[in-house]
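**Q** Sharing a structure with you now.
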Amino acid sequence: MRARFFAALDREDGSVSAAARAVGVSRNTAFGWARRAGIHGRGKPGTSG
């Protein structure tokens, strides 16, 4: 399941939420996997200070 998530992450241009939705895992699980792998999602543009 994790491998499918990371493949979907590539397809979804780095969007953790979209990749989680595509694979069918919870966002919390997906963000945990991404964080442990050292990957930060692309996030929403314009939300940083």
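Chain labels A, B, ... are given in the sequence in which chains occur in the structure tokens; within each chain residues are numbered consecutively from 1, and ligands are likewise numbered from 1 in the order shown.
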Could you give me, as a list in words, the residues within 12 Å of Ala30 (chain A), counting only C-alpha atoms and dropping anything in the same chain fewer than 6 positions from it?
**A**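 Close residues of Ala30 (chain A): Met1, Arg2, Ala3, Arg4, Phe5, Phe6, Ala8, Leu9, Gly14, Ser15, Val16, Ser17, Ala18, Ala19, Ala20, Arg21, Ala22, Val23, Gly24, Arg36, Ala37, Ile39, His40 and Gly41 of chain A.
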**Q** Please return, as a list of chain:residue names, all residues of chain A that DSSP assigns to helix (DSSP H, G or I) on the basis of the backbone.
**A**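 After running DSSP on the backbone, chain A has helix (DSSP H, G or I) at A:Arg2, A:Ala3, A:Arg4, A:Phe5, A:Phe6, A:Ala7, A:Ala8, A:Leu9, A:Asp10, A:Arg11, A:Val16, A:Ser17, A:Ala18, A:Ala19, A:Ala20, A:Arg21, A:Ala22, A:Val23, A:Arg27, A:Asn28, A:Thr29, A:Ala30, A:Phe31, A:Gly32, A:Trp33, A:Ala34, A:Arg35, A:Arg36.
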